[in-house]
Amino acid sequence: MAIDPKPSPCCHQDSGPAPVEAMERELAQERTLLRRQFTLAAVLTSLVLLASLGPMVGGHHRTLGPPWFSSPWTQLLLTTPVLFWCGRSFFTGAWSALRRHSADMNTLVAAGTGIAWLTSLLVTVFPQVLVAEGLPVDVYYETAAVIITLVLLGRLLEARARGQTSEAIRRLLQLQPPTARVLRQGQPVQIPVALVAVGDQIVVRPGEKVPVDGVLEEGQSWVEEAMLTGEATPVAKAVGDPVIGASLNRSGSFTFRVTRVGGDTVLAQIVELVRQAQSSRTQVQRLADQVVGWFVPVVIALAVSAFVVWFLISGNAVLAMLFLVSVLVIACPCALGLATPTSIMVASGKGAENGLIFRSAEALETAGSLRTVVLDKTGTLTLGQPEVTDFERLPAARQSGDALLALTAALESRSEHPLAEAIVAYARSRCQDGAWAAVQDFEAVAGRGVRGQVGGHSVVVGTPRWLAELAIDTAPLAALMAPLEAKACSVATVGVDGNLEACFGISDPLKPTSAAAVAALRRLGLQVVMLSGDARRSAEAVAAQVGIVRVIAEVRPADKAAVVRQLQEQGEGPVAMVGDGINDAPALAQADVGIAMGTGTDVAIAASDITLISGNLAGVAAAIDLSRQTMANIRQNLFFAFAYNVAGIPIAAGLLFPLTGWLLSPMIAGAAMAFSSVSVVSNALRLRRFRPARLPLPTT
């Protein structure tokens, strides 16, 4: 059944997509206005061209229509709306720049078309003055109109490109279903997603999308998360597993409890990060803005110089004005404003489609220049789900095996460390009595282990080095540790009342794609470093399995950031840090590019520059590859932005005129400028074809 309940104060409105929807409306309004302006400008400019072509085709006394149609007054009437309504943004932009005592691309467009229009206006109103001076009575309304129309076409293409690049955001927003089936008094009630509250229980049937984030409470299924993570393989979900809003339930029905709604959901956060990345600026773009800052005044000076020189040479003010307008128009680097942002918008959108979320354009830029990638072992190379593979009671132990497991599990049950959870799970599977003794004076020492009073005994569980520091004789461990570390096991030792009693071998299985992902990074020419708190022999065994040569082991969580800083100071940067835990956050922030696994903690994700939503290490190589392709695309765009302009300035200034009599018409200059913009936009859109390489899975 379906109802339409009134919103209650406890319901969270879906605030996440609101800024994006506002941006979409703004872009749509901008495109609509530009389309109207361009359409009107194109129609009026076509009429102006027809009016001006009459004398060119049939002589000064022949027209293509009635005599009034080719009149300068008619051309003035048709051109004025093109300049001052269709092209008013150029003039307002130029005025704003002038008030700031600066100049920009609008300055060149406004100056070139404005001067052409004013010159033509003077010729139209006072033709007798030119006749008396023996100068031709020519007007250049068609030049001003064509330039404005072509530049508007470039801006319309830019707006369309921006709309196409935000298509990823629109698709993400459309992934969320509009309604959810919420349990009310044991009965499913269909309500709008905006009215779902944290704590609600939601029923999802086969083939339906998960409306918001939550934790599965009843049932099991296979859920496809490709739309958010880029991973096509469905993920098995059972009781206790998290489910992501907008993912697709492939089989089976289940009930989950809502944990996040509105702007707190994974989908809303992804949308916001993509929006921020698309609107941020890179160092290259800031450099381009600085270039424009000095390029525009230089061009204006060259245009004025061309006018003065040709007026002094020929005495013809109209000819000199033609050179001035041509220089201003062809030098306008309008495409420069598109070169970087268009590529950034396309790339960040493609990244989102493939589960790569760039927090900023600067992160997208820096990733391509990385030289070293530091990989945290647990949860990055490994599954982060350790399990006990060996339990060895030492010959000198005073406690029985069951007693040791009970004491150890009681103490470790107070810890949230993954290794502690593995020991507790192992003890529960081996001990019939799952009731542990009370723990007093519990203390957790980061990077060392835990200790406390359990059942009248002083119990310590931690690294062999720590137990040695506590004056516990660890010499009997030597024969046991070598084979355990050779199997890539972490070793946890147990001391009771100052005596070494036992040790655990704990293994964290590698992710299936870790070896292939490391190989992909090395093919990109990157140095790969593994960072681990494990003993060196154990860490090196893991590294050997995935093909990593350089290992930095026995690193305490608090020292990870210092290791990254040391690599940077040694000239091995830019350095990327890849991790997923709370203790990785300082290192992620210290790195030139912090990359967080999307399956990790919120703290790690918040401290990172790039988030791999799927948690697949293959995303690191994909992000770097996308960054390199994007920066190459931007460099190509900058070439297109300047090539036509710089090459055309000497010709527009009349360099070839004395030798060949060839004159670069302002209309041709405007066409070259517009073609530059079209080239940039078309080149940037090539990034939409980006596809990350799929890494082969190991065969078993």
# chains A, B, ... in the order shown; residues from 1 in each chain; ligands from 1
$ select_by_dssp --residues "segment 321-494 of chain A" --states "strand (DSSP E or B)" --output "PyMOL selection string"
chain A and resi 356-358+372-376+382+387-393+439-445+449-454+457-462+490-494
$ residues_around --residues "segment 460-475 of chain A" --least-positions-apart "4" --cutoff "8 Å" --atoms "only C-alpha atoms" --output "VMD selection string"
chain A and resid 408 412 448 to 452 491 to 496 498 to 500
$ write_last_selection --atoms "C-alpha atoms" --output "mmCIF file, in the first residue's frame"
data_model
loop_
_atom_site.group_PDB
_atom_site.id
_atom_site.type_symbol
_atom_site.label_atom_id
_atom_site.label_comp_id
_atom_site.auth_asym_id
_atom_site.auth_seq_id
_atom_site.Cartn_x
_atom_site.Cartn_y
_atom_site.Cartn_z
ATOM 1 C CA THR A 408 43.489 -13.885 26.101
ATOM 2 C CA GLU A 412 41.160 -8.855 23.704
ATOM 3 C CA ARG A 448 52.189 -2.540 20.957
ATOM 4 C CA GLY A 449 49.210 -4.441 22.357
ATOM 5 C CA VAL A 450 46.928 -4.605 25.416
ATOM 6 C CA ARG A 451 47.267 -5.540 29.064
ATOM 7 C CA GLY A 452 45.141 -5.816 32.170
ATOM 8 C CA VAL A 491 52.647 -12.829 15.584
ATOM 9 C CA ALA A 492 50.794 -11.947 18.791
ATOM 10 C CA THR A 493 52.388 -13.182 21.999
ATOM 11 C CA VAL A 494 50.727 -13.843 25.352
ATOM 12 C CA GLY A 495 52.334 -13.258 28.736
ATOM 13 C CA VAL A 496 50.701 -14.220 32.030
ATOM 14 C CA GLY A 498 55.445 -12.179 33.703
ATOM 15 C CA ASN A 499 55.858 -15.528 31.960
ATOM 16 C CA LEU A 500 55.717 -16.128 28.206
#
$ closest_residue --among "A:Val308, A:Thr372, A:Thr378, A:Arg99" --to "Gly594 of chain A" --atoms "only C-alpha atoms"
A:Thr372
$ closest_residue --among "A:Ala180, A:Ala246, A:Val43, A:Leu150" --to "Pro81 of chain A" --atoms "only C-alpha atoms"
A:Val43
$ closest_residue --among "A:Lys237, A:Lys209, A:Arg686, A:Arg371" --to "Trp222 of chain A" --atoms "only C-alpha atoms"
A:Lys237
$ closest_residue --among "A:Arg523, A:Lys560, A:Arg565, A:Arg550" --to "Ile624 of chain A" --atoms "only C-alpha atoms"
A:Arg523
$ atom_distance --atom1 "atom CA of Val529 of chain A" --atom2 "atom CA of Val551 of chain A"
5.8 Å
$ residues_around --residues "Ile423 of chain A" --least-positions-apart "6" --cutoff "9 Å" --atoms "only C-alpha atoms" --output "VMD selection string"
chain A and resid 387 to 388 405 408 to 409 412 to 413 504 506
$ write_last_selection --atoms "N, CA and C atoms" --output "PDB file, in the first residue's frame"
ATOM      1  N   GLU A 387      42.485 -13.618  10.427  1.00  0.00           N
ATOM      2  CA  GLU A 387      42.007 -14.835  11.092  1.00  0.00           C
ATOM      3  C   GLU A 387      43.205 -15.590  11.665  1.00  0.00           C
ATOM      4  N   VAL A 388      42.967 -16.263  12.790  1.00  0.00           N
ATOM      5  CA  VAL A 388      44.035 -17.017  13.444  1.00  0.00           C
ATOM      6  C   VAL A 388      44.277 -18.313  12.673  1.00  0.00           C
ATOM      7  N   LEU A 405      43.428 -19.448  26.198  1.00  0.00           N
ATOM      8  CA  LEU A 405      42.478 -18.864  25.252  1.00  0.00           C
ATOM      9  C   LEU A 405      41.443 -18.013  25.980  1.00  0.00           C
ATOM     10  N   THR A 408      43.169 -14.760  27.240  1.00  0.00           N
ATOM     11  CA  THR A 408      43.489 -13.885  26.101  1.00  0.00           C
ATOM     12  C   THR A 408      42.229 -13.281  25.502  1.00  0.00           C
ATOM     13  N   ALA A 409      41.200 -14.115  25.310  1.00  0.00           N
ATOM     14  CA  ALA A 409      39.967 -13.617  24.705  1.00  0.00           C
ATOM     15  C   ALA A 409      39.280 -12.598  25.600  1.00  0.00           C
ATOM     16  N   GLU A 412      41.292  -9.379  25.062  1.00  0.00           N
ATOM     17  CA  GLU A 412      41.160  -8.855  23.704  1.00  0.00           C
ATOM     18  C   GLU A 412      39.729  -8.419  23.381  1.00  0.00           C
ATOM     19  N   SER A 413      38.752  -8.941  24.109  1.00  0.00           N
ATOM     20  CA  SER A 413      37.366  -8.532  23.842  1.00  0.00           C
ATOM     21  C   SER A 413      37.133  -7.062  24.160  1.00  0.00           C
ATOM     22  N   PHE A 504      50.168 -16.472  18.866  1.00  0.00           N
ATOM     23  CA  PHE A 504      49.182 -16.667  17.808  1.00  0.00           C
ATOM     24  C   PHE A 504      49.810 -16.279  16.475  1.00  0.00           C
ATOM     25  N   ILE A 506      48.558 -14.956  12.989  1.00  0.00           N
ATOM     26  CA  ILE A 506      47.331 -14.358  12.451  1.00  0.00           C
ATOM     27  C   ILE A 506      47.595 -13.898  11.025  1.00  0.00           C
TER      28      ILE A 506
END
$ select_by_dssp --residues "segment 231-479 of chain A" --states "alpha helix (DSSP H)" --output "ChimeraX atom specification"
/A:266-279,283-314,317-330,336-353,361-367,401-412,418-430,464-469,478-479
$ residues_around --residues "Trp73 of chain A" --least-positions-apart "4" --cutoff "9 Å" --atoms "only C-alpha atoms" --output "ChimeraX atom specification"
/A:68-69,77-78,121,124-125
$ residues_around --residues "Val575 of chain A" --least-positions-apart "3" --cutoff "6 Å" --atoms "only C-alpha atoms" --output "list in words"
Leu370, Thr372, Val373, Ala591 and Asp592 of chain A
$ write_last_selection --atoms "all heavy atoms" --output "PDB file, in the first residue's frame"
ATOM      1  N   LEU A 370      52.829  11.772  -9.876  1.00  0.00           N
ATOM      2  CA  LEU A 370      53.334  10.968  -8.757  1.00  0.00           C
ATOM      3  C   LEU A 370      54.549  10.138  -9.164  1.00  0.00           C
ATOM      4  O   LEU A 370      54.631   9.647 -10.288  1.00  0.00           O
ATOM      5  CB  LEU A 370      52.235  10.034  -8.244  1.00  0.00           C
ATOM      6  CG  LEU A 370      51.069  10.694  -7.504  1.00  0.00           C
ATOM      7  CD1 LEU A 370      49.976   9.679  -7.236  1.00  0.00           C
ATOM      8  CD2 LEU A 370      51.543  11.324  -6.197  1.00  0.00           C
ATOM      9  N   THR A 372      56.059   8.102  -6.323  1.00  0.00           N
ATOM     10  CA  THR A 372      56.076   7.042  -5.317  1.00  0.00           C
ATOM     11  C   THR A 372      54.673   6.828  -4.778  1.00  0.00           C
ATOM     12  O   THR A 372      53.958   7.792  -4.492  1.00  0.00           O
ATOM     13  CB  THR A 372      57.022   7.405  -4.150  1.00  0.00           C
ATOM     14  OG1 THR A 372      58.339   7.618  -4.656  1.00  0.00           O
ATOM     15  CG2 THR A 372      57.041   6.302  -3.112  1.00  0.00           C
ATOM     16  N   VAL A 373      54.282   5.566  -4.643  1.00  0.00           N
ATOM     17  CA  VAL A 373      52.989   5.211  -4.048  1.00  0.00           C
ATOM     18  C   VAL A 373      53.262   4.337  -2.834  1.00  0.00           C
ATOM     19  O   VAL A 373      53.889   3.277  -2.941  1.00  0.00           O
ATOM     20  CB  VAL A 373      52.087   4.457  -5.050  1.00  0.00           C
ATOM     21  CG1 VAL A 373      50.794   4.022  -4.371  1.00  0.00           C
ATOM     22  CG2 VAL A 373      51.773   5.343  -6.247  1.00  0.00           C
ATOM     23  N   ALA A 591      50.608  13.232   2.698  1.00  0.00           N
ATOM     24  CA  ALA A 591      51.013  12.887   1.333  1.00  0.00           C
ATOM     25  C   ALA A 591      50.604  13.975   0.346  1.00  0.00           C
ATOM     26  O   ALA A 591      49.679  14.753   0.591  1.00  0.00           O
ATOM     27  CB  ALA A 591      50.390  11.557   0.929  1.00  0.00           C
ATOM     28  N   ASP A 592      51.317  14.027  -0.773  1.00  0.00           N
ATOM     29  CA  ASP A 592      50.941  14.964  -1.838  1.00  0.00           C
ATOM     30  C   ASP A 592      49.559  14.617  -2.374  1.00  0.00           C
ATOM     31  O   ASP A 592      48.782  15.497  -2.730  1.00  0.00           O
ATOM     32  CB  ASP A 592      51.981  14.910  -2.962  1.00  0.00           C
ATOM     33  CG  ASP A 592      53.351  15.352  -2.486  1.00  0.00           C
ATOM     34  OD1 ASP A 592      53.544  16.562  -2.294  1.00  0.00           O
ATOM     35  OD2 ASP A 592      54.215  14.482  -2.271  1.00  0.00           O
TER      36      ASP A 592
END
